[in-house]
Amino acid sequence: MNCTVITGGRVVMPDRIIESGGIVIKDGKIERVFAGEYHPEGGERIINAEGRFISPGFVDLHVHGGGGFDFMCGEADNVISACQFHMRHGTTSIVPTLSAADQQVLVTAIAGITEAKHKMRDGGPEILGLHLEGPYFAMSQKGAQNERYVRDPDPKEYMEIVDKFDTILRWTIAPELPGAIEMAKAMKERGILMCIGHSDASYDEAVQAYECGFDSIVHFYSCLSTVRRINAYRHAGVVEAGYQLDGMMVEVIADGKHLPQSLLKLIYKVKGPERICLVTDAISVAGLEHIQDEIYSQTSDMNVIIEDSVAKLPDRSAFAGSVATADRLVRVMNALDEVPLYEAVKMASATPARNIGIFDRKGSLSPGKDADILLFDDNINISIVMVNGQITFER
């Protein structure tokens with residue numbers, strides 16, 4: 001039996017930190033978590049954490065690329081390279097995300113990611129499935145999405161995709177569009193999770209969407225309706241529904257740019273770590289240095305600029321995804337006085353795992369789960385990444 005023991009670390013549990021302890025891993029699974037010293041039984045591989053944190057791997061539900069590679073490319077090897085880039089920053093489970101595009105471009109991109117999912121072996125994170133972000137959006141909330149591809153739901157289009165591929169895990173649309181609720185019902189029958197995004201829905205429309213199975217709101221506050229006046233009266237929107245609906249999950253891009261500290265604190269106070277999924281929304285240039293001037297983004301099929309450690313449209317009218325990695329999200333959340341490290345980690349691991357129904361095998365350091373494990377220091381600098389008990393990255 002293949003046995004590895006990580007000892008001498010601070011173990012990040014869902015509700016606390018064990019200040020001195022470790023983990024026993026056998027055949028790619030977590031066998032047990034222990035406090036105190038470990039007494040070798042003979043034949044184990046011992047890894048001394050030397051006081052570093054021992055954490056569950058991060059689960060990123062919304063990411064478009066990284067390390068110079070875009071998930072829209074349709075090439076399995078490039079998809080794998082993007083996934084491996086994010087793995088080096090702590091992402092051990094990943095959901096590649098595609099933006100609004102021409103139907104044939106989407107089909108080609110989905111085929112590339114599907115091939116990568118089956119091709120990925122040792123040395124990479126697990127590709128859990130795909131996230132389709134669009135193309136069924138409100139034009140008024142398109143953000144950095146290319147308006148040429150924004151449209152209303154078309155049953156012929158979306159049924160072609162789900163009939164052809166079984167790797168679709170999540171689908172983000174604006175629920176107020178004609179045909180959106182009918183689409184959601186059809187997708188839920190196939191086990192596809194529905195998310196609200198790029199939406200100008202009213203509060204009541206958002207509540208109706210929740211009742212019809214929409215259980216998440218993507219990049220909370222970004223490209224979403226909020227309080228507005230209609231005929232002098234104030235009307236709430238998707239943001240307010242997100243706060244009011246206790247069961248609604250919200251994605252948060254905690255890169256320190258998309259949302260100020262005041263809003264991060266508010267979301268944390270109202271929703272709590274059990275309803276917040278930290279996501280990168282990273283585009284292909286995440287991780288690249290010394291980028292100047294405008295660059296082409298395959299994700300949006302438009303030019304973007306990188307400045308102030310974030311991606312923007314050239315006219316600065318909107319952000320255009322992010323250049324963040326999962327370790328940065330945890331670092332930013334943990335820097336808030338109200339957020340202990342174990343809760344910042346929970347928002348990047350246990351909560352997203354629960355959201356997509358894989359908490360039985362991912363998201364926490366619990367016996368029987370996959371040994372997806374990180375070692376990092378007080379500043380969330382990743383030094384070791386393990387996927388299924390195998391070291392896939394070591395600094």
# chains A, B, ... in the order shown; residues from 1 in each chain; ligands from 1
call {"tool": "residues_around", "arguments": {"residues": "Ile306 of chain A", "least_positions_apart": "4", "cutoff": "12 Å", "atoms": "only C-alpha atoms", "output": "number ranges by chain"}}
result
A: 283-297, 310-316, 319-324
call {"tool": "closest_atom_pairs", "arguments": {"of": "segment 257-323 of chain A", "to": "segment 240-243 of chain A", "cutoff": "10 Å", "atoms": "only C-alpha atoms", "output": "Markdown table"}}
result
| residue | atom | partner | partner_atom | distance |
| --- | --- | --- | --- | --- |
| A:Leu266 | CA | A:Tyr243 | CA | 9.8 |
| A:Ile267 | CA | A:Tyr243 | CA | 7.9 |
| A:Val270 | CA | A:Tyr243 | CA | 6.6 |
| A:Lys271 | CA | A:Tyr243 | CA | 6.7 |
call {"tool": "write_last_selection", "arguments": {"atoms": "N, CA and C atoms", "output": "mmCIF file, in the first residue's frame"}}
result
data_model
loop_
_atom_site.group_PDB
_atom_site.id
_atom_site.type_symbol
_atom_site.label_atom_id
_atom_site.label_comp_id
_atom_site.auth_asym_id
_atom_site.auth_seq_id
_atom_site.Cartn_x
_atom_site.Cartn_y
_atom_site.Cartn_z
ATOM 1 N N LEU A 266 -19.136 43.238 3.357
ATOM 2 C CA LEU A 266 -20.592 43.144 3.369
ATOM 3 C C LEU A 266 -21.055 41.768 2.880
ATOM 4 N N ILE A 267 -20.485 41.301 1.780
ATOM 5 C CA ILE A 267 -20.874 39.988 1.260
ATOM 6 C C ILE A 267 -20.578 38.907 2.298
ATOM 7 N N VAL A 270 -23.146 39.075 5.241
ATOM 8 C CA VAL A 270 -24.514 38.658 4.935
ATOM 9 C C VAL A 270 -24.576 37.199 4.490
ATOM 10 N N LYS A 271 -23.707 36.803 3.569
ATOM 11 C CA LYS A 271 -23.797 35.458 2.987
ATOM 12 C C LYS A 271 -23.024 34.423 3.798
#
call {"tool": "closest_residue", "arguments": {"among": "A:Leu106, A:Ala180, A:Val252, A:Ile373", "to": "Val385 of chain A", "atoms": "only C-alpha atoms"}}
result
A:Ile373
call {"tool": "closest_residue", "arguments": {"among": "A:Ile181, A:Leu341, A:Ala282, A:Ile253", "to": "Asn379 of chain A", "atoms": "only C-alpha atoms"}}
result
A:Leu341
call {"tool": "residues_around", "arguments": {"residues": "segment 192-197 of chain A", "least_positions_apart": "3", "cutoff": "10 Å", "atoms": "only C-alpha atoms", "output": "ChimeraX atom specification"}}
result
/A:130-134,136-138,141-142,162,166-176,183-189,200-201,206,209-210,212-225,238,242,248-251,355-357
call {"tool": "atom_distance", "arguments": {"atom1": "atom CA of Gly57 of chain A", "atom2": "atom CA of Pro367 of chain A"}}
result
14.7 Å
call {"tool": "closest_residue", "arguments": {"among": "A:Ser309, A:Thr97, A:Thr4, A:Ser20", "to": "Cys73 of chain A", "atoms": "only C-alpha atoms"}}
result
A:Thr97
call {"tool": "atom_distance", "arguments": {"atom1": "atom CA of Thr114 of chain A", "atom2": "atom CA of Gly90 of chain A"}}
result
22.1 Å
call {"tool": "residues_around", "arguments": {"residues": "Val105 of chain A", "least_positions_apart": "5", "cutoff": "10 Å", "atoms": "only C-alpha atoms", "output": "MDAnalysis selection string"}}
result
chainID A and resid 72:74 98 100 110:111
call {"tool": "residues_around", "arguments": {"residues": "Lys362 of chain A", "least_positions_apart": "2", "cutoff": "9 Å", "atoms": "only C-alpha atoms", "output": "CSV table (one decimal) with N, CA and C atoms, in the first residue's frame"}}
result
chain,number,residue,atom,x,y,z
A,56,PRO,N,-6.7,21.9,2.1
A,56,PRO,CA,-7.3,21.2,1.0
A,56,PRO,C,-7.0,22.0,-0.3
A,57,GLY,N,-6.9,21.4,-1.4
A,57,GLY,CA,-6.7,22.1,-2.7
A,57,GLY,C,-7.9,23.0,-3.0
A,59,VAL,N,-10.8,24.8,-5.4
A,59,VAL,CA,-11.7,24.4,-6.5
A,59,VAL,C,-12.2,25.7,-7.2
A,93,SER,N,-8.8,21.3,-8.5
A,93,SER,CA,-10.0,21.0,-9.3
A,93,SER,C,-10.4,22.2,-10.0
A,349,SER,N,-12.6,26.2,-1.4
A,349,SER,CA,-12.5,24.7,-1.4
A,349,SER,C,-13.9,24.0,-1.1
A,350,ALA,N,-14.2,24.0,0.2
A,350,ALA,CA,-15.4,23.3,0.6
A,350,ALA,C,-16.7,23.9,0.0
A,353,ALA,N,-17.1,23.1,-3.7
A,353,ALA,CA,-17.3,21.7,-3.9
A,353,ALA,C,-18.7,21.3,-3.5
A,354,ARG,N,-19.3,21.9,-2.5
A,354,ARG,CA,-20.7,21.7,-2.1
A,354,ARG,C,-21.6,22.2,-3.2
A,358,ILE,N,-19.8,17.8,-5.2
A,358,ILE,CA,-18.6,16.9,-5.1
A,358,ILE,C,-18.0,16.9,-3.8
A,359,PHE,N,-18.7,17.4,-2.8
A,359,PHE,CA,-18.1,17.5,-1.4
A,359,PHE,C,-17.9,16.2,-0.8
A,360,ASP,N,-18.5,15.2,-1.4
A,360,ASP,CA,-18.2,13.8,-0.8
A,360,ASP,C,-16.8,13.3,-1.2
A,364,SER,N,-12.3,19.3,1.4
A,364,SER,CA,-11.9,19.3,2.8
A,364,SER,C,-10.9,18.2,3.1
A,365,LEU,N,-10.2,18.3,4.2
A,365,LEU,CA,-9.3,17.3,4.6
A,365,LEU,C,-10.0,16.2,5.5
A,366,SER,N,-10.8,15.4,4.8
A,366,SER,CA,-11.6,14.4,5.5
A,366,SER,C,-11.3,13.0,5.1
A,369,LYS,N,-11.6,11.1,1.4
A,369,LYS,CA,-11.7,12.1,0.2
A,369,LYS,C,-10.3,12.0,-0.6
A,370,ASP,N,-10.4,12.5,-1.8
A,370,ASP,CA,-9.2,12.6,-2.6
A,370,ASP,C,-8.1,13.4,-1.9
A,371,ALA,N,-6.9,12.9,-2.0
A,371,ALA,CA,-5.8,13.6,-1.3
A,371,ALA,C,-5.3,14.8,-2.2
A,372,ASP,N,-6.2,15.8,-2.3
A,372,ASP,CA,-5.8,17.0,-3.0
A,372,ASP,C,-5.4,18.0,-1.9
call {"tool": "residues_around", "arguments": {"residues": "Met139 of chain A", "least_positions_apart": "5", "cutoff": "10 Å", "atoms": "only C-alpha atoms", "output": "list of chain:residue names"}}
result
A:Gln145, A:Asn146, A:Glu147, A:Arg148, A:Tyr149, A:Val150, A:Arg151, A:Asp152, A:Ala174, A:His198, A:Ser199, A:Asp200
call {"tool": "select_by_dssp", "arguments": {"residues": "segment 152-369 of chain A", "states": "alpha helix (DSSP H)", "output": "PyMOL selection string"}}
result
chain A and resi 155-164+180-189+203-211+238-244+261-271+326-335+341-348+350-355
call {"tool": "select_by_dssp", "arguments": {"residues": "segment 230-294 of chain A", "states": "strand (DSSP E)", "output": "PyMOL selection string"}}
result
chain A and resi 230+233-235+249-252+276-278+294
call {"tool": "write_last_selection", "arguments": {"atoms": "N, CA and C atoms", "output": "PDB file, in the first residue's frame"}}
result
ATOM      1  N   ILE A 230     -37.716  53.269 -11.268  1.00  0.00           N
ATOM      2  CA  ILE A 230     -38.639  53.137 -12.389  1.00  0.00           C
ATOM      3  C   ILE A 230     -39.884  53.942 -12.035  1.00  0.00           C
ATOM      4  N   TYR A 233     -40.086  55.172  -8.439  1.00  0.00           N
ATOM      5  CA  TYR A 233     -40.038  54.178  -7.373  1.00  0.00           C
ATOM      6  C   TYR A 233     -38.758  53.349  -7.462  1.00  0.00           C
ATOM      7  N   ARG A 234     -38.210  53.006  -6.299  1.00  0.00           N
ATOM      8  CA  ARG A 234     -37.022  52.165  -6.260  1.00  0.00           C
ATOM      9  C   ARG A 234     -37.408  50.690  -6.410  1.00  0.00           C
ATOM     10  N   HIS A 235     -36.628  49.981  -7.207  1.00  0.00           N
ATOM     11  CA  HIS A 235     -36.851  48.559  -7.427  1.00  0.00           C
ATOM     12  C   HIS A 235     -35.533  47.820  -7.208  1.00  0.00           C
ATOM     13  N   MET A 249     -26.080  30.708  -3.726  1.00  0.00           N
ATOM     14  CA  MET A 249     -24.631  30.853  -3.690  1.00  0.00           C
ATOM     15  C   MET A 249     -24.224  32.079  -4.506  1.00  0.00           C
ATOM     16  N   VAL A 250     -23.126  32.713  -4.118  1.00  0.00           N
ATOM     17  CA  VAL A 250     -22.601  33.833  -4.901  1.00  0.00           C
ATOM     18  C   VAL A 250     -21.117  33.621  -5.158  1.00  0.00           C
ATOM     19  N   GLU A 251     -20.729  33.872  -6.412  1.00  0.00           N
ATOM     20  CA  GLU A 251     -19.309  33.877  -6.750  1.00  0.00           C
ATOM     21  C   GLU A 251     -18.720  35.236  -6.399  1.00  0.00           C
ATOM     22  N   VAL A 252     -17.493  35.234  -5.891  1.00  0.00           N
ATOM     23  CA  VAL A 252     -16.804  36.482  -5.569  1.00  0.00           C
ATOM     24  C   VAL A 252     -15.401  36.445  -6.173  1.00  0.00           C
ATOM     25  N   ILE A 276     -20.392  31.574  -0.155  1.00  0.00           N
ATOM     26  CA  ILE A 276     -19.484  32.333  -1.020  1.00  0.00           C
ATOM     27  C   ILE A 276     -18.495  31.387  -1.679  1.00  0.00           C
ATOM     28  N   CYS A 277     -18.432  31.429  -3.015  1.00  0.00           N
ATOM     29  CA  CYS A 277     -17.442  30.667  -3.776  1.00  0.00           C
ATOM     30  C   CYS A 277     -16.433  31.646  -4.362  1.00  0.00           C
ATOM     31  N   LEU A 278     -15.203  31.566  -3.921  1.00  0.00           N
ATOM     32  CA  LEU A 278     -14.167  32.405  -4.516  1.00  0.00           C
ATOM     33  C   LEU A 278     -13.811  31.862  -5.898  1.00  0.00           C
ATOM     34  N   GLU A 294      -2.355  47.204 -25.595  1.00  0.00           N
ATOM     35  CA  GLU A 294      -3.517  46.348 -25.752  1.00  0.00           C
ATOM     36  C   GLU A 294      -3.109  44.962 -26.228  1.00  0.00           C
TER      37      GLU A 294
END
